[in-house]
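structure20.cif, holding mmCIF, C-alpha atoms:
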data_upload
loop_
_atom_site.label_atom_id
_atom_site.label_comp_id
_atom_site.auth_asym_id
_atom_site.auth_seq_id
_atom_site.Cartn_x
_atom_site.Cartn_y
_atom_site.Cartn_z
CA MET A 1 0.00 0.00 0.00
CA GLN A 2 1.33 3.45 -0.95
CA LYS A 3 1.80 5.77 1.99
CA GLY A 4 0.60 9.39 1.69
CA PRO A 5 2.65 12.40 2.81
CA SER A 6 3.72 12.28 6.46
CA PHE A 7 2.04 14.43 9.11
CA GLU A 8 5.21 16.55 9.25
CA GLU A 9 5.20 17.14 5.46
CA THR A 10 1.51 18.11 5.41
CA TRP A 11 2.01 20.44 8.37
CA LYS A 12 4.97 22.12 6.65
CA VAL A 13 2.92 22.72 3.47
CA GLU A 14 0.05 24.26 5.45
CA PHE A 15 2.39 26.39 7.56
CA ARG A 16 4.28 27.61 4.49
CA ARG A 17 1.05 28.61 2.76
CA GLY A 18 0.04 30.63 5.79
CA VAL A 19 3.26 32.59 6.11
CA LEU A 20 3.93 33.15 2.43
CA GLN A 21 1.41 35.96 1.98
CA TYR A 22 2.86 37.70 5.03
CA ALA A 23 6.42 37.23 3.74
CA VAL A 24 5.47 38.74 0.36
CA LEU A 25 3.93 41.78 2.07
CA ALA A 26 7.08 42.12 4.21
CA ILE A 27 9.35 42.12 1.15
CA VAL A 28 7.22 44.61 -0.81
CA LYS A 29 7.12 46.84 2.28
CA ARG A 30 10.96 46.97 2.25
CA HIS A 31 10.89 48.48 -1.26
CA GLU A 32 9.08 51.78 -1.17
CA SER A 33 9.55 52.39 -4.89
CA GLY A 34 8.27 48.88 -5.68
CA ILE A 35 9.69 45.49 -6.58
CA HIS A 36 8.94 43.06 -9.43
CA GLY A 37 7.95 39.41 -9.04
CA TYR A 38 11.40 38.08 -9.86
CA GLY A 39 12.93 40.37 -7.23
CA ILE A 40 10.42 39.15 -4.64
CA ALA A 41 11.31 35.52 -5.43
CA ARG A 42 15.07 36.26 -5.15
CA GLU A 43 14.71 38.13 -1.90
CA LEU A 44 12.45 35.48 -0.43
CA GLU A 45 15.02 32.81 -1.24
CA GLN A 46 17.98 34.83 0.09
CA ARG A 47 16.44 36.28 3.22
CA THR A 48 14.87 33.03 4.39
CA ASP A 49 17.81 30.84 3.24
CA GLY A 50 15.33 28.87 1.15
CA LEU A 51 13.44 27.86 4.29
CA LEU A 52 10.02 28.28 2.68
CA GLN A 53 11.02 26.18 -0.39
CA VAL A 54 8.83 28.21 -2.69
CA LYS A 55 8.39 27.30 -6.34
CA GLU A 56 8.77 30.79 -7.83
CA GLY A 57 5.80 30.47 -10.18
CA THR A 58 3.44 29.85 -7.26
CA LEU A 59 4.17 33.39 -6.00
CA TYR A 60 2.13 34.88 -8.85
CA PRO A 61 -1.28 33.54 -7.77
CA ILE A 62 -0.46 34.96 -4.31
CA LEU A 63 0.50 38.35 -5.77
CA HIS A 64 -2.69 38.25 -7.84
CA ARG A 65 -4.74 37.59 -4.68
CA LEU A 66 -3.03 40.40 -2.74
CA ARG A 67 -3.79 42.76 -5.63
CA LYS A 68 -7.43 41.72 -5.63
CA GLU A 69 -7.58 42.36 -1.89
CA ARG A 70 -6.17 45.86 -2.68
CA LEU A 71 -3.14 45.28 -0.47
CA LEU A 72 -0.79 45.71 -3.44
CA ASN A 73 -0.78 48.07 -6.41
CA VAL A 74 0.97 47.38 -9.66
CA TYR A 75 2.53 49.31 -12.54
CA ASP A 76 4.34 48.25 -15.71
CA GLU A 77 8.07 48.79 -16.17
CA LYS A 78 10.25 48.19 -19.23
CA SER A 79 12.67 45.28 -18.77
CA ASP A 80 16.07 44.82 -20.44
CA SER A 81 15.67 41.03 -20.53
CA GLY A 82 12.48 40.84 -22.62
CA PRO A 83 8.79 41.57 -22.00
CA SER A 84 7.77 44.42 -19.70
CA ARG A 85 7.35 43.46 -16.06
CA LYS A 86 5.00 44.42 -13.29
CA VAL A 87 6.27 46.30 -10.28
CA TYR A 88 4.42 45.80 -7.00
CA VAL A 89 3.99 48.46 -4.32
CA LEU A 90 2.20 48.31 -0.99
CA THR A 91 -1.08 50.27 -0.76
CA GLY A 92 -2.11 52.20 2.37
CA GLU A 93 -4.41 49.30 3.26
CA GLY A 94 -1.58 46.84 2.60
CA ASP A 95 0.64 48.76 4.98
CA ARG A 96 -2.04 48.73 7.67
CA VAL A 97 -2.67 45.00 7.25
CA TYR A 98 1.06 44.26 7.26
CA ARG A 99 1.59 46.18 10.52
CA GLN A 100 -1.37 44.45 12.12
CA LEU A 101 -0.12 41.01 11.03
CA THR A 102 3.38 41.81 12.31
CA VAL A 103 2.00 42.38 15.80
CA LEU A 104 -0.04 39.19 15.57
CA VAL A 105 2.89 37.10 14.31
CA GLY A 106 5.13 38.50 17.08
CA ASN A 107 2.56 37.63 19.73
CA VAL A 108 1.95 34.14 18.36
CA PHE A 109 5.65 33.23 18.30
CA GLU A 110 6.22 34.72 21.74
CA LYS A 111 3.40 32.63 23.21
CA LEU A 112 4.48 29.50 21.35
CA GLU A 113 8.00 29.88 22.71
CA VAL A 114 6.68 30.15 26.25
CA LEU A 115 4.48 27.11 25.60
CA GLY A 116 7.48 25.11 24.35
CA ASN A 117 9.63 26.08 27.34
CA ASP A 118 7.11 25.08 30.00
CA MET B 1 20.41 36.59 -27.11
CA ILE B 2 18.04 33.70 -26.46
CA ASP B 3 18.14 30.90 -29.07
CA SER B 4 15.07 29.57 -30.87
CA GLU B 5 15.08 26.15 -29.15
CA THR B 6 15.03 27.84 -25.72
CA GLU B 7 12.26 30.22 -26.89
CA ARG B 8 10.25 27.16 -27.97
CA ILE B 9 10.68 25.51 -24.52
CA ILE B 10 9.50 28.73 -22.82
CA GLU B 11 6.47 29.05 -25.11
CA ASP B 12 5.53 25.37 -24.58
CA TYR B 13 5.70 25.91 -20.82
CA ILE B 14 3.59 29.10 -21.04
CA LYS B 15 1.01 27.40 -23.29
CA LYS B 16 0.71 24.44 -20.92
CA THR B 17 0.24 26.77 -17.92
CA SER B 18 -2.35 28.88 -19.82
CA ARG B 19 -4.37 25.78 -20.62
CA LEU B 20 -4.58 24.91 -16.91
CA LEU B 21 -5.74 28.40 -15.86
CA PRO B 22 -9.22 29.84 -16.46
CA ASP B 23 -9.78 32.00 -19.55
CA SER B 24 -9.79 35.41 -17.85
CA PHE B 25 -7.99 38.76 -17.84
CA ALA B 26 -6.58 37.97 -14.40
CA ALA B 27 -5.06 34.71 -15.62
CA GLU B 28 -3.66 36.47 -18.72
CA ASP B 29 -2.07 39.02 -16.44
CA LEU B 30 -0.52 36.26 -14.36
CA ILE B 31 0.85 34.56 -17.48
CA ALA B 32 2.44 37.83 -18.65
CA ASP B 33 4.10 38.19 -15.25
CA LEU B 34 5.29 34.59 -15.33
CA ARG B 35 6.77 35.06 -18.80
CA SER B 36 8.78 38.11 -17.77
CA HIS B 37 9.94 36.23 -14.63
CA ILE B 38 11.24 33.35 -16.78
CA TYR B 39 13.08 35.69 -19.17
CA GLU B 40 14.61 37.59 -16.31
CA ALA B 41 15.75 34.44 -14.49
CA LEU B 42 17.18 33.02 -17.74
CA THR B 43 19.02 36.24 -18.60
CA GLU B 44 20.63 36.23 -15.17
CA LYS B 45 21.65 32.57 -15.51
CA ILE B 46 23.15 33.20 -18.97
CA ARG B 47 25.10 36.15 -17.57
CA ASN B 48 26.48 34.01 -14.72
CA ASN B 49 27.14 30.88 -16.86
CA PRO B 50 27.97 32.15 -20.38
CA THR B 51 29.48 28.83 -21.50
CA GLU B 52 26.58 26.63 -20.39
CA SER B 53 23.95 25.60 -22.98
CA GLN B 54 20.76 27.68 -22.86
CA VAL B 55 18.60 24.55 -23.03
CA SER B 56 20.15 23.28 -19.81
CA LEU B 57 19.83 26.72 -18.17
CA ILE B 58 16.15 27.05 -19.07
CA GLN B 59 15.50 23.64 -17.52
CA ASP B 60 17.09 24.96 -14.31
CA VAL B 61 14.92 28.07 -14.46
CA LEU B 62 11.73 26.08 -15.04
CA ASN B 63 12.60 23.73 -12.17
CA GLY B 64 12.79 26.77 -9.90
CA VAL B 65 9.54 28.21 -11.27
CA GLY B 66 7.63 24.95 -10.66
CA THR B 67 5.43 22.87 -12.94
CA PRO B 68 2.34 24.36 -14.64
CA GLU B 69 0.34 22.04 -12.34
CA ASP B 70 1.99 23.62 -9.23
CA ILE B 71 0.98 27.10 -10.44
CA ALA B 72 -2.56 26.03 -11.39
CA GLU B 73 -3.00 24.36 -7.99
CA GLU B 74 -1.92 27.50 -6.14
CA TYR B 75 -4.15 29.63 -8.38
CA GLU B 76 -7.11 27.40 -7.62
CA LEU B 77 -6.44 27.53 -3.86
CA GLU B 78 -6.37 31.33 -3.91
CA GLN B 79 -9.59 31.39 -5.96
CA ILE B 80 -11.30 28.99 -3.52
CA VAL B 81 -10.50 31.21 -0.54
CA GLU B 82 -11.95 34.19 -2.42
CA SER B 83 -15.08 32.42 -3.58
CA GLU B 84 -15.77 31.07 -0.09
CA GLN B 85 -15.69 34.65 1.22
CA SER B 86 -17.96 35.94 -1.52
CA THR B 87 -20.40 33.04 -1.00
CA ASN B 88 -20.75 33.99 2.67
CA ASN B 89 -21.33 37.64 1.72
CA ASP B 90 -23.87 36.65 -0.95
CA ARG B 91 -25.75 34.43 1.51
CA PHE B 92 -25.97 37.22 4.10
CA GLN B 93 -27.22 39.65 1.44
CA TYR B 94 -29.77 37.07 0.26
CA TYR B 95 -31.21 36.60 3.78
CA VAL B 96 -31.45 40.36 4.40
CA ILE B 97 -33.24 40.94 1.06
CA ARG B 98 -35.59 38.05 1.75
CA LEU B 99 -36.45 39.39 5.22
CA VAL B 100 -37.10 42.91 3.88
CA ALA B 101 -39.28 41.50 1.07
CA ALA B 102 -41.30 39.41 3.57
CA PHE B 103 -41.80 42.50 5.74
CA VAL B 104 -43.00 44.66 2.82
CA VAL B 105 -45.47 41.96 1.70
CA ALA B 106 -46.75 41.56 5.29
CA VAL B 107 -47.28 45.33 5.66
CA LEU B 108 -49.15 45.57 2.33
CA ALA B 109 -51.30 42.51 3.09
CA ALA B 110 -52.09 43.83 6.60
CA TRP B 111 -53.09 47.22 5.16
CA VAL B 112 -55.42 45.55 2.60
CA VAL B 113 -57.01 43.29 5.27
CA SER B 114 -57.40 46.17 7.72
CA THR B 115 -58.99 48.43 5.03
CA ILE B 116 -61.36 45.77 3.67
CA THR B 117 -62.63 44.94 7.18
CA ASN B 118 -62.95 48.67 8.04
CA GLY B 119 -60.49 48.27 10.90
CA ALA B 120 -62.10 45.17 12.40
CA VAL B 121 -58.70 43.49 11.97
CA ASP B 122 -56.05 45.60 13.63
CA PHE B 123 -53.29 46.62 11.18
CA TYR B 124 -50.35 46.00 13.59
CA PHE B 125 -51.83 42.69 14.76
CA ALA B 126 -52.13 41.60 11.10
CA VAL B 127 -48.50 42.58 10.38
CA ILE B 128 -47.26 40.49 13.32
CA VAL B 129 -49.38 37.46 12.36
CA LEU B 130 -48.33 37.62 8.69
CA MET B 131 -44.63 37.99 9.62
CA ALA B 132 -44.97 34.98 11.94
CA PHE B 133 -46.47 32.97 9.03
CA ALA B 134 -43.64 34.10 6.75
CA VAL B 135 -41.00 32.93 9.25
CA ILE B 136 -42.75 29.57 9.78
CA GLU B 137 -43.02 29.08 6.01
CA TRP B 138 -39.31 29.91 5.68
CA PHE B 139 -38.33 27.24 8.24
CA VAL B 140 -40.63 24.59 6.69
CA ARG B 141 -39.25 25.25 3.21
CA ALA B 142 -35.65 25.21 4.49
CA LYS B 143 -36.26 21.84 6.13
CA GLN B 144 -37.83 20.46 2.94
CA ILE B 145 -34.83 21.38 0.77
CA GLY B 146 -32.30 20.36 3.42
CA GLU B 147 -31.03 23.83 4.30
CA SER B 148 -30.00 24.44 7.87
#

Could the structure of this file be written out as structure tokens, please?
Amino acid sequence: MQKGPSFEETWKVEFRRGVLQYAVLAIVKRHESGIHGYGIARELEQRTDGLLQVKEGTLYPILHRLRKERLLNVYDEKSDSGPSRKVYVLTGEGDRVYRQLTVLVGNVFEKLEVLGND
Amino acid sequence: MIDSETERIIEDYIKKTSRLLPDSFAAEDLIADLRSHIYEALTEKIRNNPTESQVSLIQDVLNGVGTPEDIAEEYELEQIVESEQSTNNDRFQYYVIRLVAAFVVAVLAAWVVSTITNGAVDFYFAVIVLMAFAVIEWFVRAKQIGES
């Protein structure tokens, strides 16, 4: 009988999905003048040491969702390497949501650490 | 300069991804973004490995980007979250409209009954009774069609 993914693997996938949207907002927030999708993927890989193991293409549905939620704005920019690319910037609402999530994430990890140390 | 064989691999990948996504402006937008991502990643790889074959480099790039199925799966998940939210909003709106409509009908019916009977049936009493009937009918119908 073929075994499905382990509990640990499934948990990692769910956890990664949850934090990815936050991580994308955090990266866009660092670039006031905006950042393109490729730049987000690079920065995500470098700043998290590949911890989130993101397939770069799967970032685009997330960026699309954040745009629909009006957390990100987008404008076109000419690219040297080929077709024009989209540059993402945080909206006022995106900034508010990001700050709110940062507080929440901080609290969650603080409490979890206490829980683990007891 | 990107060679024609590499261009063909990119276009095949893009076509396969497009086929898995819905036919919409949003999906077209995503595909355009994905295409510029691939070109950018490839250009950087060519710059860093000028002696390596482009066909091998594009395979590396596409491995990093993920399969068209990976992208379609993520797209679908994001759509599901959105549609669940909109379904809840639609349902709330539906119940409010239905309640308002029931109230308007009850008021009109109570006014007609009260007028016809020259006030023998009290208008406010009629409104309350008719609203009670409307709510009972709502519950009975919901039970019949298996709504909760």

Check: Could you state the separation of CA of Ile71 (chain B) and CA of Arg17 (chain A) in Å, given to one decimal place?
Finding: 13.3 Å

Item checked: Contacts of region 56-59 of chain A at 9 Å (only C-alpha atoms; same-chain gap of 4+ positions) as a PyMOL selection string -> (chain A and resi 20-21+24+37-38+40-42+63-64) or (chain B and resi 34+37+62+64-68+70-75)

Next item on the list: Determine, counting only C-alpha atoms, which protein, DNA and RNA residues have an atom within 8 Å of an atom of Leu25 (chain A); residues of the same chain fewer than 2 positions away are not included. Present the result as a PyMOL selection string.
Entry: chain A and resi 21-23+27-29+90+94+98

Checklist line | Proximal residues of chain B relative to chain A (all atoms listed in the file; 12 Å) as JSON, numbers by chain | finding: {"B": [1, 2, 7, 13, 14, 17, 21, 25, 26, 27, 28, 29, 30, 31, 32, 33, 34, 35, 36, 37, 38, 39, 40, 41, 42, 43, 44, 45, 46, 47, 61, 62, 63, 64, 65, 66, 67, 68, 69, 70, 71, 72, 73, 74, 75, 76, 77, 78, 79, 80, 81, 82, 83, 85]}

Write to file, as a PDB file, keeping the file's coordinate frame, the residues of the selection just made, with C-alpha atoms.
ATOM      1  CA  MET B   1      20.410  36.590 -27.110  1.00  0.00           C
ATOM      2  CA  ILE B   2      18.040  33.700 -26.460  1.00  0.00           C
ATOM      3  CA  GLU B   7      12.260  30.220 -26.890  1.00  0.00           C
ATOM      4  CA  TYR B  13       5.700  25.910 -20.820  1.00  0.00           C
ATOM      5  CA  ILE B  14       3.590  29.100 -21.040  1.00  0.00           C
ATOM      6  CA  THR B  17       0.240  26.770 -17.920  1.00  0.00           C
ATOM      7  CA  LEU B  21      -5.740  28.400 -15.860  1.00  0.00           C
ATOM      8  CA  PHE B  25      -7.990  38.760 -17.840  1.00  0.00           C
ATOM      9  CA  ALA B  26      -6.580  37.970 -14.400  1.00  0.00           C
ATOM     10  CA  ALA B  27      -5.060  34.710 -15.620  1.00  0.00           C
ATOM     11  CA  GLU B  28      -3.660  36.470 -18.720  1.00  0.00           C
ATOM     12  CA  ASP B  29      -2.070  39.020 -16.440  1.00  0.00           C
ATOM     13  CA  LEU B  30      -0.520  36.260 -14.360  1.00  0.00           C
ATOM     14  CA  ILE B  31       0.850  34.560 -17.480  1.00  0.00           C
ATOM     15  CA  ALA B  32       2.440  37.830 -18.650  1.00  0.00           C
ATOM     16  CA  ASP B  33       4.100  38.190 -15.250  1.00  0.00           C
ATOM     17  CA  LEU B  34       5.290  34.590 -15.330  1.00  0.00           C
ATOM     18  CA  ARG B  35       6.770  35.060 -18.800  1.00  0.00           C
ATOM     19  CA  SER B  36       8.780  38.110 -17.770  1.00  0.00           C
ATOM     20  CA  HIS B  37       9.940  36.230 -14.630  1.00  0.00           C
ATOM     21  CA  ILE B  38      11.240  33.350 -16.780  1.00  0.00           C
ATOM     22  CA  TYR B  39      13.080  35.690 -19.170  1.00  0.00           C
ATOM     23  CA  GLU B  40      14.610  37.590 -16.310  1.00  0.00           C
ATOM     24  CA  ALA B  41      15.750  34.440 -14.490  1.00  0.00           C
ATOM     25  CA  LEU B  42      17.180  33.020 -17.740  1.00  0.00           C
ATOM     26  CA  THR B  43      19.020  36.240 -18.600  1.00  0.00           C
ATOM     27  CA  GLU B  44      20.630  36.230 -15.170  1.00  0.00           C
ATOM     28  CA  LYS B  45      21.650  32.570 -15.510  1.00  0.00           C
ATOM     29  CA  ILE B  46      23.150  33.200 -18.970  1.00  0.00           C
ATOM     30  CA  ARG B  47      25.100  36.150 -17.570  1.00  0.00           C
ATOM     31  CA  VAL B  61      14.920  28.070 -14.460  1.00  0.00           C
ATOM     32  CA  LEU B  62      11.730  26.080 -15.040  1.00  0.00           C
ATOM     33  CA  ASN B  63      12.600  23.730 -12.170  1.00  0.00           C
ATOM     34  CA  GLY B  64      12.790  26.770  -9.900  1.00  0.00           C
ATOM     35  CA  VAL B  65       9.540  28.210 -11.270  1.00  0.00           C
ATOM     36  CA  GLY B  66       7.630  24.950 -10.660  1.00  0.00           C
ATOM     37  CA  THR B  67       5.430  22.870 -12.940  1.00  0.00           C
ATOM     38  CA  PRO B  68       2.340  24.360 -14.640  1.00  0.00           C
ATOM     39  CA  GLU B  69       0.340  22.040 -12.340  1.00  0.00           C
ATOM     40  CA  ASP B  70       1.990  23.620  -9.230  1.00  0.00           C
ATOM     41  CA  ILE B  71       0.980  27.100 -10.440  1.00  0.00           C
ATOM     42  CA  ALA B  72      -2.560  26.030 -11.390  1.00  0.00           C
ATOM     43  CA  GLU B  73      -3.000  24.360  -7.990  1.00  0.00           C
ATOM     44  CA  GLU B  74      -1.920  27.500  -6.140  1.00  0.00           C
ATOM     45  CA  TYR B  75      -4.150  29.630  -8.380  1.00  0.00           C
ATOM     46  CA  GLU B  76      -7.110  27.400  -7.620  1.00  0.00           C
ATOM     47  CA  LEU B  77      -6.440  27.530  -3.860  1.00  0.00           C
ATOM     48  CA  GLU B  78      -6.370  31.330  -3.910  1.00  0.00           C
ATOM     49  CA  GLN B  79      -9.590  31.390  -5.960  1.00  0.00           C
ATOM     50  CA  ILE B  80     -11.300  28.990  -3.520  1.00  0.00           C
ATOM     51  CA  VAL B  81     -10.500  31.210  -0.540  1.00  0.00           C
ATOM     52  CA  GLU B  82     -11.950  34.190  -2.420  1.00  0.00           C
ATOM     53  CA  SER B  83     -15.080  32.420  -3.580  1.00  0.00           C
ATOM     54  CA  GLN B  85     -15.690  34.650   1.220  1.00  0.00           C
TER      55      GLN B  85
END

How would you write as a CSV table (one decimal) with C-alpha atoms, keeping the file's coordinate frame the residues that get within 8 Å of (-44.1, 37.0, 2.6) in the file's frame, counting all atoms listed in the file?
chain,number,residue,atom,x,y,z
B,101,ALA,CA,-39.3,41.5,1.1
B,102,ALA,CA,-41.3,39.4,3.6
B,103,PHE,CA,-41.8,42.5,5.7
B,104,VAL,CA,-43.0,44.7,2.8
B,105,VAL,CA,-45.5,42.0,1.7
B,106,ALA,CA,-46.8,41.6,5.3
B,130,LEU,CA,-48.3,37.6,8.7
B,131,MET,CA,-44.6,38.0,9.6
B,133,PHE,CA,-46.5,33.0,9.0
B,134,ALA,CA,-43.6,34.1,6.8

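The space between CA of Leu20 (chain B) and CA of Glu43 (chain A) spans 27.8 Å.
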
Next item on the list: Kindly give the distance, in Å, that separates CA of Gly18 (chain A) and CA of Arg30 (chain A), rounded to a single decimal.
Entry: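 Taking CA of Gly18 (chain A) as the start and CA of Arg30 (chain A) as the end point, the length is 20.0 Å.
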
Next item on the list: Determine, counting all atoms listed in the file, every residue of protein, DNA or RNA that lies within 7 Å of (9.2, 50.6, -6.9) in the file coordinates, then give the result as a PyMOL selection string.
Entry: chain A and resi 31-35+87-89

Next item on the list: Using only C-alpha atoms, determine which residues lie at most 9 Å from Tyr124 (chain B), disregarding the query and same-chain residues fewer than 2 positions distant; provide the list as a VMD selection string.
Entry: chain B and resid 107 110 to 111 121 to 122 126 to 129
